[in-house]
>>> print(open('target.txt').read())   # compact mmCIF, N, CA and C atoms
# COMPACT_ATOMS: atom_id res chain seq x y z
N MET A 31 174.37 -53.69 163.98
CA MET A 31 174.66 -52.96 165.20
C MET A 31 173.32 -52.60 165.85
N THR A 32 173.31 -52.65 167.14
CA THR A 32 172.06 -52.38 167.85
C THR A 32 171.80 -50.88 167.94
N ASN A 33 170.54 -50.55 168.15
CA ASN A 33 170.17 -49.15 168.31
C ASN A 33 170.75 -48.56 169.58
N ASP A 34 171.09 -49.43 170.55
CA ASP A 34 171.70 -48.97 171.80
C ASP A 34 173.01 -48.24 171.53
N LYS A 35 173.80 -48.77 170.61
CA LYS A 35 175.08 -48.14 170.27
C LYS A 35 174.84 -46.75 169.68
N TYR A 36 173.85 -46.66 168.79
CA TYR A 36 173.54 -45.37 168.19
C TYR A 36 172.99 -44.41 169.23
N ALA A 37 172.17 -44.90 170.14
CA ALA A 37 171.59 -44.04 171.18
C ALA A 37 172.70 -43.50 172.08
N SER A 38 173.64 -44.34 172.43
CA SER A 38 174.76 -43.92 173.27
C SER A 38 175.62 -42.89 172.53
N LEU A 39 175.90 -43.17 171.27
CA LEU A 39 176.70 -42.26 170.46
C LEU A 39 175.98 -40.91 170.31
N LYS A 40 174.69 -40.96 170.06
CA LYS A 40 173.89 -39.74 169.91
C LYS A 40 173.91 -38.92 171.20
N ALA A 41 173.78 -39.59 172.34
CA ALA A 41 173.79 -38.89 173.63
C ALA A 41 175.14 -38.23 173.89
N GLU A 42 176.21 -38.91 173.54
CA GLU A 42 177.53 -38.34 173.77
C GLU A 42 177.81 -37.17 172.84
N VAL A 43 177.33 -37.26 171.60
CA VAL A 43 177.48 -36.14 170.67
C VAL A 43 176.68 -34.94 171.19
N GLN A 44 175.50 -35.21 171.75
CA GLN A 44 174.70 -34.13 172.32
C GLN A 44 175.43 -33.45 173.48
N GLU A 45 176.16 -34.24 174.26
CA GLU A 45 176.96 -33.67 175.35
C GLU A 45 178.00 -32.69 174.79
N ILE A 46 178.63 -33.07 173.68
CA ILE A 46 179.62 -32.19 173.06
C ILE A 46 178.95 -30.89 172.62
N ILE A 47 177.79 -31.01 171.99
CA ILE A 47 177.06 -29.83 171.54
C ILE A 47 176.70 -28.93 172.72
N ASP A 48 176.26 -29.55 173.81
CA ASP A 48 175.91 -28.77 175.00
C ASP A 48 177.13 -28.05 175.58
N LEU A 49 178.28 -28.73 175.57
CA LEU A 49 179.50 -28.10 176.08
C LEU A 49 179.93 -26.93 175.19
N ILE A 50 179.77 -27.09 173.89
CA ILE A 50 180.09 -25.99 172.97
C ILE A 50 179.15 -24.81 173.24
N ALA A 51 177.87 -25.10 173.42
CA ALA A 51 176.89 -24.04 173.70
C ALA A 51 177.22 -23.31 175.00
N ALA A 52 177.78 -24.05 175.97
CA ALA A 52 178.16 -23.45 177.24
C ALA A 52 179.54 -22.78 177.16
N LYS A 53 180.12 -22.78 175.96
CA LYS A 53 181.44 -22.19 175.70
C LYS A 53 182.54 -22.82 176.56
N ASN A 54 182.40 -24.13 176.77
CA ASN A 54 183.39 -24.90 177.51
C ASN A 54 184.21 -25.71 176.50
N ALA A 55 185.10 -25.03 175.79
CA ALA A 55 185.84 -25.63 174.69
C ALA A 55 186.74 -26.78 175.14
N LYS A 56 187.38 -26.63 176.30
CA LYS A 56 188.31 -27.67 176.76
C LYS A 56 187.58 -28.98 177.02
N GLU A 57 186.48 -28.93 177.75
CA GLU A 57 185.71 -30.14 178.04
C GLU A 57 185.09 -30.70 176.76
N ALA A 58 184.63 -29.82 175.88
CA ALA A 58 184.05 -30.27 174.61
C ALA A 58 185.09 -31.01 173.79
N ASN A 59 186.30 -30.48 173.76
CA ASN A 59 187.38 -31.14 173.01
C ASN A 59 187.73 -32.49 173.62
N ASN A 60 187.81 -32.55 174.95
CA ASN A 60 188.11 -33.82 175.61
C ASN A 60 187.05 -34.87 175.30
N LYS A 61 185.80 -34.45 175.35
CA LYS A 61 184.69 -35.37 175.06
C LYS A 61 184.73 -35.79 173.60
N LEU A 62 185.05 -34.85 172.71
CA LEU A 62 185.13 -35.17 171.29
C LEU A 62 186.21 -36.21 171.02
N VAL A 63 187.33 -36.10 171.69
CA VAL A 63 188.41 -37.08 171.53
C VAL A 63 187.93 -38.46 171.96
N ASP A 64 187.24 -38.54 173.09
CA ASP A 64 186.72 -39.81 173.58
C ASP A 64 185.73 -40.43 172.60
N VAL A 65 184.80 -39.60 172.12
CA VAL A 65 183.77 -40.10 171.21
C VAL A 65 184.40 -40.50 169.87
N SER A 66 185.40 -39.76 169.43
CA SER A 66 186.09 -40.10 168.18
C SER A 66 186.77 -41.46 168.28
N GLU A 67 187.36 -41.75 169.43
CA GLU A 67 188.00 -43.05 169.63
C GLU A 67 186.95 -44.17 169.62
N GLN A 68 185.82 -43.93 170.26
CA GLN A 68 184.74 -44.92 170.25
C GLN A 68 184.24 -45.15 168.83
N LEU A 69 184.08 -44.07 168.09
CA LEU A 69 183.62 -44.16 166.71
C LEU A 69 184.61 -44.94 165.85
N ASP A 70 185.90 -44.68 166.04
CA ASP A 70 186.92 -45.42 165.29
C ASP A 70 186.83 -46.91 165.59
N ASP A 71 186.63 -47.26 166.86
CA ASP A 71 186.49 -48.67 167.23
C ASP A 71 185.27 -49.30 166.56
N LEU A 72 184.16 -48.56 166.55
CA LEU A 72 182.95 -49.07 165.91
C LEU A 72 183.15 -49.24 164.41
N LEU A 73 183.83 -48.30 163.79
CA LEU A 73 184.10 -48.40 162.35
C LEU A 73 184.99 -49.60 162.05
N ASP A 74 185.95 -49.86 162.92
CA ASP A 74 186.87 -50.98 162.72
C ASP A 74 186.18 -52.33 162.83
N THR A 75 185.13 -52.40 163.64
CA THR A 75 184.47 -53.68 163.89
C THR A 75 183.16 -53.86 163.14
N SER A 76 182.76 -52.88 162.35
CA SER A 76 181.49 -52.96 161.62
C SER A 76 181.70 -53.53 160.23
N ASP A 77 180.79 -54.43 159.85
CA ASP A 77 180.86 -55.05 158.53
C ASP A 77 179.67 -54.64 157.65
N GLU A 78 178.57 -54.31 158.28
CA GLU A 78 177.35 -53.99 157.55
C GLU A 78 177.45 -52.62 156.89
N ASP A 79 177.02 -52.54 155.63
CA ASP A 79 177.05 -51.27 154.92
C ASP A 79 176.21 -50.22 155.61
N GLU A 80 175.04 -50.62 156.12
CA GLU A 80 174.16 -49.67 156.80
C GLU A 80 174.84 -49.06 158.01
N ASP A 81 175.56 -49.89 158.76
CA ASP A 81 176.28 -49.40 159.93
C ASP A 81 177.39 -48.43 159.52
N LEU A 82 178.11 -48.78 158.49
CA LEU A 82 179.21 -47.93 158.04
C LEU A 82 178.69 -46.58 157.55
N ILE A 83 177.54 -46.59 156.88
CA ILE A 83 176.94 -45.33 156.42
C ILE A 83 176.53 -44.48 157.61
N GLU A 84 175.86 -45.09 158.57
CA GLU A 84 175.41 -44.35 159.76
C GLU A 84 176.59 -43.81 160.55
N LEU A 85 177.61 -44.61 160.72
CA LEU A 85 178.79 -44.18 161.46
C LEU A 85 179.54 -43.07 160.73
N SER A 86 179.54 -43.12 159.40
CA SER A 86 180.22 -42.06 158.64
C SER A 86 179.51 -40.72 158.83
N LYS A 87 178.20 -40.74 159.06
CA LYS A 87 177.47 -39.51 159.35
C LYS A 87 177.96 -38.90 160.66
N TYR A 88 178.20 -39.76 161.65
CA TYR A 88 178.72 -39.28 162.92
C TYR A 88 180.14 -38.73 162.75
N GLN A 89 180.90 -39.36 161.86
CA GLN A 89 182.26 -38.89 161.61
C GLN A 89 182.24 -37.46 161.06
N VAL A 90 181.35 -37.22 160.12
CA VAL A 90 181.22 -35.88 159.53
C VAL A 90 180.79 -34.89 160.60
N LEU A 91 179.81 -35.29 161.42
CA LEU A 91 179.33 -34.41 162.48
C LEU A 91 180.44 -34.07 163.47
N LEU A 92 181.22 -35.06 163.86
CA LEU A 92 182.32 -34.80 164.79
C LEU A 92 183.35 -33.85 164.18
N ASN A 93 183.59 -33.98 162.88
CA ASN A 93 184.51 -33.05 162.22
C ASN A 93 183.97 -31.62 162.26
N GLN A 94 182.67 -31.47 162.05
CA GLN A 94 182.07 -30.14 162.11
C GLN A 94 182.12 -29.58 163.53
N LEU A 95 181.87 -30.44 164.50
CA LEU A 95 181.94 -29.99 165.90
C LEU A 95 183.36 -29.59 166.27
N TYR A 96 184.33 -30.30 165.74
CA TYR A 96 185.73 -29.94 165.99
C TYR A 96 186.01 -28.53 165.46
N GLN A 97 185.49 -28.23 164.27
CA GLN A 97 185.67 -26.89 163.71
C GLN A 97 185.05 -25.83 164.62
N LYS A 98 183.90 -26.14 165.20
CA LYS A 98 183.24 -25.20 166.13
C LYS A 98 184.10 -24.99 167.37
N ILE A 99 184.69 -26.07 167.86
CA ILE A 99 185.54 -25.98 169.05
C ILE A 99 186.76 -25.13 168.76
N VAL A 100 187.37 -25.32 167.60
CA VAL A 100 188.53 -24.53 167.21
C VAL A 100 188.15 -23.05 167.12
N ALA A 101 186.99 -22.79 166.54
CA ALA A 101 186.53 -21.40 166.43
C ALA A 101 186.27 -20.81 167.82
N LEU A 102 185.71 -21.62 168.71
CA LEU A 102 185.44 -21.17 170.07
C LEU A 102 186.74 -20.85 170.79
N ASN A 103 187.77 -21.66 170.58
CA ASN A 103 189.08 -21.38 171.19
C ASN A 103 189.67 -20.09 170.64
N GLY A 104 189.39 -19.79 169.38
CA GLY A 104 189.89 -18.57 168.78
C GLY A 104 189.28 -17.32 169.36
N GLN A 105 188.07 -17.46 169.92
CA GLN A 105 187.37 -16.32 170.51
C GLN A 105 187.84 -16.02 171.92
N ALA A 106 188.48 -16.97 172.53
CA ALA A 106 188.87 -16.83 173.94
C ALA A 106 189.92 -15.77 174.16
>>> encode(input="target.txt", output="structure tokens")
Amino acid sequence: MTNDKYASLKAEVQEIIDLIAAKNAKEANNKLVDVSEQLDDLLDTSDEDEDLIELSKYQVLLNQLYQKIVALNGQA
């Protein structure tokens, strides 16, 4: 997998983090759903172990961000 895919994924995850920091839970959740779908597609089409390991790191991060979004919704 090219570094472009990782750069794009990293940028989109950063957008989610920025939305959480801005306490915009709805937009953060919408973005998280989009990025999760992209990540699922990448996982489905990846064969290289290195790619699968790197993508699994993003999966864990997205799960943690989801927990933050849920907590943010609880504060509203």
>>> residues_around(input="target.txt", residues="stretch 47-63 of chain A", least_positions_apart="2", cutoff="8 Å", atoms="all atoms listed in the file", output="number ranges by chain")
A: 41-45, 65-69, 92, 95-96, 98-100, 102-103
>>> residues_around(input="target.txt", residues="A:Leu73", least_positions_apart="6", cutoff="10 Å", atoms="only C-alpha atoms", output="PyMOL selection string")
chain A and resi 67+81-86+89
>>> write_last_selection(input="target.txt", atoms="N, CA and C atoms", output="mmCIF file, in the coordinates of the input")
data_model
loop_
_atom_site.group_PDB
_atom_site.id
_atom_site.type_symbol
_atom_site.label_atom_id
_atom_site.label_comp_id
_atom_site.auth_asym_id
_atom_site.auth_seq_id
_atom_site.Cartn_x
_atom_site.Cartn_y
_atom_site.Cartn_z
ATOM 1 N N GLU A 67 187.360 -41.750 169.430
ATOM 2 C CA GLU A 67 188.000 -43.050 169.630
ATOM 3 C C GLU A 67 186.950 -44.170 169.620
ATOM 4 N N ASP A 81 175.560 -49.890 158.760
ATOM 5 C CA ASP A 81 176.280 -49.400 159.930
ATOM 6 C C ASP A 81 177.390 -48.430 159.520
ATOM 7 N N LEU A 82 178.110 -48.780 158.490
ATOM 8 C CA LEU A 82 179.210 -47.930 158.040
ATOM 9 C C LEU A 82 178.690 -46.580 157.550
ATOM 10 N N ILE A 83 177.540 -46.590 156.880
ATOM 11 C CA ILE A 83 176.940 -45.330 156.420
ATOM 12 C C ILE A 83 176.530 -44.480 157.610
ATOM 13 N N GLU A 84 175.860 -45.090 158.570
ATOM 14 C CA GLU A 84 175.410 -44.350 159.760
ATOM 15 C C GLU A 84 176.590 -43.810 160.550
ATOM 16 N N LEU A 85 177.610 -44.610 160.720
ATOM 17 C CA LEU A 85 178.790 -44.180 161.460
ATOM 18 C C LEU A 85 179.540 -43.070 160.730
ATOM 19 N N SER A 86 179.540 -43.120 159.400
ATOM 20 C CA SER A 86 180.220 -42.060 158.640
ATOM 21 C C SER A 86 179.510 -40.720 158.830
ATOM 22 N N GLN A 89 180.900 -39.360 161.860
ATOM 23 C CA GLN A 89 182.260 -38.890 161.610
ATOM 24 C C GLN A 89 182.240 -37.460 161.060
#
>>> atom_distance(input="target.txt", atom1="atom N of A:Asp77", atom2="atom C of A:Asn33")
15.2 Å
